[in-house]
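Okay, so here's the structure we're looking at.
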2 protein chains.
Amino acid sequence: MEKYNIPLYQRLYEDIKYKIRRNEYKKNTKLESIRSLAKKLDISTTTVEKAYSQLLIEGYVISIPRSGYIVLSIDLPERSKQKPLVEPIISPSYPNNKLTTDLFDIKNYKAIINKVINYDSDKLYTECDPRGEVELREEIRKYILSERNVKCDVNQIIIGSGIQNLLHILLNISKKKSVTYITPEFKKAMNVFRAYNYTLKPRKTLKEIARIKADYLYISPSNIYPTGEVIKVKGRNDIIKWSKQNDAYIIEDDYNYFLRYNSYTVPSIHSYNNGENVIYMGSFSKIFLPSIRLSFMVLPVSLYNIYKDNYSRFSQGVSKLEQLTLARFMKEGCFRRHTKKLYNLYKEKNEVITSYLIKQNKHKNFKIRGNDSNLHIILDFKTKYYRDTFIRNCDRYPLKYEIINGSNSVIFPYSGIETKDIPKLIKALFYNM
Amino acid sequence: MEKYNIPLYQRLYEDIKYKIRRNEYKKNTKLESIRSLAKKLDISTTTVEKAYSQLLIEGYVISIPRSGYIVLSIDLPERSKQKPLVEPIISPSYPNNKLTTDLFDIKNYKAIINKVINYDSDKLYTECDPRGEVELREEIRKYILSERNVKCDVNQIIIGSGIQNLLHILLNISKKKSVTYITPEFKKAMNVFRAYNYTLKPRKTLKEIARIKADYLYISPSNIYPTGEVIKVKGRNDIIKWSKQNDAYIIEDDYNYFLRYNSYTVPSIHSYNNGENVIYMGSFSKIFLPSIRLSFMVLPVSLYNIYKDNYSRFSQGVSKLEQLTLARFMKEGCFRRHTKKLYNLYKEKNEVITSYLIKQNKHKNFKIRGNDSNLHIILDFKTKYYRDTFIRNCDRYPLKYEIINGSNSVIFPYSGIETKDIPKLIKALFYNM
């Protein structure tokens, strides 16, 4: 469990920060050099460097080339006479919400990047196509056709650096007024609608949505957050009927569609409806590398025709190298192999975590939900006390969780936990319960 | 001049397209295989593949795995019974508006990418920081401090996949109403303001701007498009005074600031004003590789404080690998070497093109303007006839140009033309004049 403790560099950073705050390290004095402090404490220079960097980021010290790190006064650093202090954003990183390194063959990816640079380097000297490179759009076309039965022309596919980026393009060309969705909301997506002054109409069920009017329905019919619930055939037909009656568009955010462990993947809404009234969206961030920002959307022909006359107004946000690398990764079959491996590893992780949770639950303090899909489980605790004990244990590492609005239910992501660490981790999470 | 002619693959594509349209190649028949056609015509298989790909993109044929390219009816392809035909976007590529391969050491870039994958691969398994990676923001901080005297905290720097992406964030957090700028407008930037229903107040001069009210001034004070004109000290002070009086923000888009061939680079507005009321923006697309989409902005503290409470609403659009690669590229000094080399090569190109234009201009048919900066020249033709002859010659290759609204002046970019091709090219551009 060592690795879930506070990292060494952070402890060092806290220690120095404390001494600066208490004026033990005085303004304008120099911090001990990285090398010398590392030697003194018998730790790596990288660790000291990281601690110093954090101090630098937060404004406790400044770095002067060929001189070192100089302590600033925390009350009034010299610069802040001219401008107010910039308070840093502290965004913790959670070890349970990432991709474990066994899940992606980075060496293979590196080989593909090198191929692209070797063979396609001339393409890197020209600007990006605003829609995305045709090589990648063609691979995506083939992929969503075979996997999701999404039939479209390569021209209808637009690549962007994330769902937010694509929504900006969509809302720019479509000029509508309102959006409905099943709660809880997709926060990042809804923020774009808010920015364009859309009226947001959150509803709890599809039935409620069927009774209202709206210009857009934002939905993941194959994987409703957070339960992973699937909208059945009838519901799908109702959505399509609703969209036609209201002249509304369905935004089908088909995220994590392939992560179903004990049931079948359901077909896309797009395939039910020949893509009329549907904007199909997909993303590679979860399925590929989280550090790569690449999403796409398939515009229905009606919107494509507007886009076509306006496309030069938009800039492509994804670098060409990354687009061409992914295209080649897909073309050479690596992507299919990767997703298969990913699926199997996640399935195993899901089974192990579920079985250990069941073992842990001798006293029936909680129920397990949502473990048929996705990369998280939902724990419905019997009492607030149990829930609070659990989240206190999470906070200690810290591990990421989300409380379902005001209830005793907690969403707990597990993608970043290695299978071998699960038994110990579960024990720690239920400590004192 | 061969390379400015229509490429072989395009001619082949046109020929096949013509035959499909004329029904000489019938619906559902198979196109000759790539290998066999290449052999018959004694051309490379790559060329045939490119022609076929174009036909595929435009919907004249479909590709069936292990079968080949099948001709679709162009009147009513089978799919269009179900949905309307998707007309492709034809976006020509212009050889004069790109980076020539001598300008960027792609091998060195490749080496840095490989270093990042080797040494920082664990970082690639986690999500991006919404603001951008701290390693890159720190390098940018040092760079703009030393080059542009922009003093800021690393926290105030936000990375995005282009100016449009950053403007979306800015307009999202600032909630203002109007923007002013000196014509001609920055089309892509202004489209974002339009999307947020801003009132656009274009003006011809700074004097006119000084007399109006607006929430934002969007300006490139060190390089006004297209002339490369510079706003002098007094103008700068006036802008700052105006922004304070109106409680307005100045968006300083500092593009191509370093491309001045016969005069000095002028300091940034940001440095005049301690960064109050100024959003400083920069981009790496022109200075680095055009296929890499990476820009940044420096928020003034007042806006940073709003951003800080809202940053988790935004997704980072630039991939981490690209951010870490650029960070290392800068840290190891490669970036400084690269921009120095770039500057020298552009300076040379600028001098050669200017001298050949002067030679060509024995009859004083045009004036040369704007050749002290940037990667284009402006030609003011004496008559519409001369202008039209010039642009007809451009269209023939095709080469990119832009007519300054209704005048006889033409903006001609030259970044993609190799120095050795300039003499011949100039001759061709003034053919019949």
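Chain lettering (A, B, ...) mirrors the order of the structure tokens, residue numbering begins at 1 for each chain separately, and ligand numbering begins at 1 in order of display.
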Worksheet item: Can you list every residue in stretch 222-398 of chain A that DSSP puts in alpha helix (DSSP H), as a PyMOL selection string?
Response: chain A and resi 233-245+269-272+301-308+320-331+334-360+384-396
Considering only C-alpha atoms, give me a table of residues in chain B that are at most 7 Å from chain A, with the closest atom pair and distance in Å for each, as JSON lines.
```
{"residue": "B:Ile57", "atom": "CA", "partner": "A:Val154", "partner_atom": "CA", "distance": 6.5}
{"residue": "B:Pro84", "atom": "CA", "partner": "A:Val301", "partner_atom": "CA", "distance": 6.8}
{"residue": "B:Val86", "atom": "CA", "partner": "A:Val301", "partner_atom": "CA", "distance": 6.6}
{"residue": "B:Pro88", "atom": "CA", "partner": "A:Asn155", "partner_atom": "CA", "distance": 6.0}
{"residue": "B:Ile89", "atom": "CA", "partner": "A:Lys308", "partner_atom": "CA", "distance": 6.3}
{"residue": "B:Lys98", "atom": "CA", "partner": "A:Thr126", "partner_atom": "CA", "distance": 5.1}
{"residue": "B:Leu99", "atom": "CA", "partner": "A:Tyr125", "partner_atom": "CA", "distance": 5.1}
{"residue": "B:Thr100", "atom": "CA", "partner": "A:Tyr125", "partner_atom": "CA", "distance": 6.8}
{"residue": "B:Thr101", "atom": "CA", "partner": "A:Tyr125", "partner_atom": "CA", "distance": 6.7}
{"residue": "B:Leu124", "atom": "CA", "partner": "A:Ser291", "partner_atom": "CA", "distance": 5.2}
{"residue": "B:Tyr125", "atom": "CA", "partner": "A:Leu99", "partner_atom": "CA", "distance": 5.2}
{"residue": "B:Thr126", "atom": "CA", "partner": "A:Lys98", "partner_atom": "CA", "distance": 5.1}
{"residue": "B:Glu127", "atom": "CA", "partner": "A:Ser291", "partner_atom": "CA", "distance": 5.0}
{"residue": "B:Cys128", "atom": "CA", "partner": "A:Ser291", "partner_atom": "CA", "distance": 5.5}
{"residue": "B:Asp153", "atom": "CA", "partner": "A:Val86", "partner_atom": "CA", "distance": 6.8}
{"residue": "B:Val154", "atom": "CA", "partner": "A:Ile57", "partner_atom": "CA", "distance": 6.4}
{"residue": "B:Asn155", "atom": "CA", "partner": "A:Pro88", "partner_atom": "CA", "distance": 6.0}
{"residue": "B:Ser161", "atom": "CA", "partner": "A:Gly317", "partner_atom": "CA", "distance": 4.9}
{"residue": "B:Gly162", "atom": "CA", "partner": "A:Gly317", "partner_atom": "CA", "distance": 6.5}
{"residue": "B:Asn172", "atom": "CA", "partner": "A:Ala195", "partner_atom": "CA", "distance": 6.0}
{"residue": "B:Lys188", "atom": "CA", "partner": "A:Arg313", "partner_atom": "CA", "distance": 5.6}
{"residue": "B:Asn191", "atom": "CA", "partner": "A:Arg313", "partner_atom": "CA", "distance": 6.9}
{"residue": "B:Ala195", "atom": "CA", "partner": "A:Asn172", "partner_atom": "CA", "distance": 6.0}
{"residue": "B:Tyr196", "atom": "CA", "partner": "A:Tyr196", "partner_atom": "CA", "distance": 6.3}
{"residue": "B:Leu289", "atom": "CA", "partner": "A:Tyr125", "partner_atom": "CA", "distance": 6.2}
{"residue": "B:Pro290", "atom": "CA", "partner": "A:Glu127", "partner_atom": "CA", "distance": 5.0}
{"residue": "B:Ser291", "atom": "CA", "partner": "A:Glu127", "partner_atom": "CA", "distance": 4.9}
{"residue": "B:Ile292", "atom": "CA", "partner": "A:Ser319", "partner_atom": "CA", "distance": 4.5}
{"residue": "B:Arg293", "atom": "CA", "partner": "A:Ser319", "partner_atom": "CA", "distance": 5.3}
{"residue": "B:Val301", "atom": "CA", "partner": "A:Val86", "partner_atom": "CA", "distance": 6.6}
{"residue": "B:Lys308", "atom": "CA", "partner": "A:Ile89", "partner_atom": "CA", "distance": 6.3}
{"residue": "B:Arg313", "atom": "CA", "partner": "A:Lys188", "partner_atom": "CA", "distance": 5.6}
{"residue": "B:Phe314", "atom": "CA", "partner": "A:Lys188", "partner_atom": "CA", "distance": 6.7}
{"residue": "B:Gly317", "atom": "CA", "partner": "A:Ser161", "partner_atom": "CA", "distance": 4.9}
{"residue": "B:Val318", "atom": "CA", "partner": "A:Arg293", "partner_atom": "CA", "distance": 6.4}
{"residue": "B:Ser319", "atom": "CA", "partner": "A:Ile292", "partner_atom": "CA", "distance": 4.6}
{"residue": "B:Lys320", "atom": "CA", "partner": "A:Ser291", "partner_atom": "CA", "distance": 5.2}
```
Kindly export the residues of the current selection with C-alpha atoms, as a CSV table (one decimal), in the first residue's frame.
```
chain,number,residue,atom,x,y,z
B,57,ILE,CA,-13.5,10.4,-50.8
B,84,PRO,CA,-29.1,12.5,-49.6
B,86,VAL,CA,-22.8,13.9,-49.3
B,88,PRO,CA,-17.4,16.5,-50.6
B,89,ILE,CA,-15.5,19.6,-49.6
B,98,LYS,CA,3.4,25.9,-46.0
B,99,LEU,CA,6.7,25.2,-44.3
B,100,THR,CA,9.5,24.0,-46.6
B,101,THR,CA,11.2,20.9,-45.3
B,124,LEU,CA,1.1,9.5,-20.8
B,125,TYR,CA,-1.2,7.1,-18.8
B,126,THR,CA,-2.9,9.9,-16.9
B,127,GLU,CA,-5.3,12.6,-18.0
B,128,CYS,CA,-4.1,16.0,-19.1
B,153,ASP,CA,3.3,33.4,-12.9
B,154,VAL,CA,3.3,29.9,-14.5
B,155,ASN,CA,-0.3,29.5,-13.2
B,161,SER,CA,-5.2,23.8,-29.3
B,162,GLY,CA,-5.3,27.1,-31.1
B,172,ASN,CA,-16.7,31.5,-21.2
B,188,LYS,CA,-11.2,32.7,-37.1
B,191,ASN,CA,-16.1,33.8,-35.5
B,195,ALA,CA,-20.8,32.6,-31.8
B,196,TYR,CA,-21.1,34.2,-28.3
B,289,LEU,CA,5.4,22.9,-37.3
B,290,PRO,CA,2.1,24.0,-38.9
B,291,SER,CA,0.7,20.5,-38.3
B,292,ILE,CA,1.1,21.0,-34.5
B,293,ARG,CA,-1.8,22.9,-32.9
B,301,VAL,CA,-4.9,38.1,-12.4
B,308,LYS,CA,-9.3,29.2,-11.0
B,313,ARG,CA,-15.2,22.8,-16.5
B,314,PHE,CA,-12.7,22.9,-19.4
B,317,GLY,CA,-7.3,19.9,-26.1
B,318,VAL,CA,-3.6,19.4,-26.7
B,319,SER,CA,-2.2,15.9,-26.2
B,320,LYS,CA,0.3,15.4,-23.4
```
Worksheet item: Nearest to A:Val410: which of A:Tyr431, A:Tyr249, A:Tyr255, A:Phe366 is it, counting only C-alpha atoms?
Response: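 Smallest distance to A:Val410 is found for A:Phe366.
In terms of minimum interatomic distance to A:Asp42, A:Leu8 ranks closest within A:Met281, A:Leu399, A:Ile62, A:Leu8, counting only C-alpha atoms.
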Worksheet item: Could you pull the residues within 9 Å of stretch 11-20 of chain A, counting only C-alpha atoms, minus those fewer than 2 positions along the same chain, as number ranges by chain?
Response: A: 6-9, 22-27, 47-48, 50-55, 60, 71-74
Can you write out the residues you just picked, keeping C-alpha atoms, as a PDB file, in the first residue's frame?
```
ATOM      1  CA  ILE A   6       1.805  10.761   0.355  1.00  0.00           C
ATOM      2  CA  PRO A   7       4.749  10.778  -2.046  1.00  0.00           C
ATOM      3  CA  LEU A   8       8.145  11.661  -0.697  1.00  0.00           C
ATOM      4  CA  TYR A   9       8.559  14.794  -2.790  1.00  0.00           C
ATOM      5  CA  ARG A  22       7.247  30.383   9.580  1.00  0.00           C
ATOM      6  CA  ASN A  23      10.054  32.593   8.322  1.00  0.00           C
ATOM      7  CA  GLU A  24      12.645  29.959   9.207  1.00  0.00           C
ATOM      8  CA  TYR A  25      13.774  30.205   5.592  1.00  0.00           C
ATOM      9  CA  LYS A  26      14.133  33.924   5.092  1.00  0.00           C
ATOM     10  CA  LYS A  27      13.251  36.004   2.078  1.00  0.00           C
ATOM     11  CA  THR A  47      12.516  13.976  -5.783  1.00  0.00           C
ATOM     12  CA  VAL A  48      14.127  17.188  -4.625  1.00  0.00           C
ATOM     13  CA  LYS A  50       9.894  17.861  -7.911  1.00  0.00           C
ATOM     14  CA  ALA A  51       9.532  19.422  -4.468  1.00  0.00           C
ATOM     15  CA  TYR A  52      11.325  22.571  -5.586  1.00  0.00           C
ATOM     16  CA  SER A  53       9.216  22.722  -8.734  1.00  0.00           C
ATOM     17  CA  GLN A  54       6.073  22.640  -6.655  1.00  0.00           C
ATOM     18  CA  LEU A  55       7.384  25.478  -4.499  1.00  0.00           C
ATOM     19  CA  TYR A  60       7.198  30.307  -2.635  1.00  0.00           C
ATOM     20  CA  VAL A  71      12.952  32.210  -1.227  1.00  0.00           C
ATOM     21  CA  LEU A  72      10.242  34.803  -1.759  1.00  0.00           C
ATOM     22  CA  SER A  73       8.444  36.502   1.070  1.00  0.00           C
ATOM     23  CA  ILE A  74       5.053  34.909   1.234  1.00  0.00           C
TER      24      ILE A  74
END
```
Worksheet item: What gap, in Å, lies between atom CA of B:Thr339 and atom CA of B:Asn256?
Response: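 If I compute the distance from atom CA of B:Thr339 to atom CA of B:Asn256, I get 11.0 Å.
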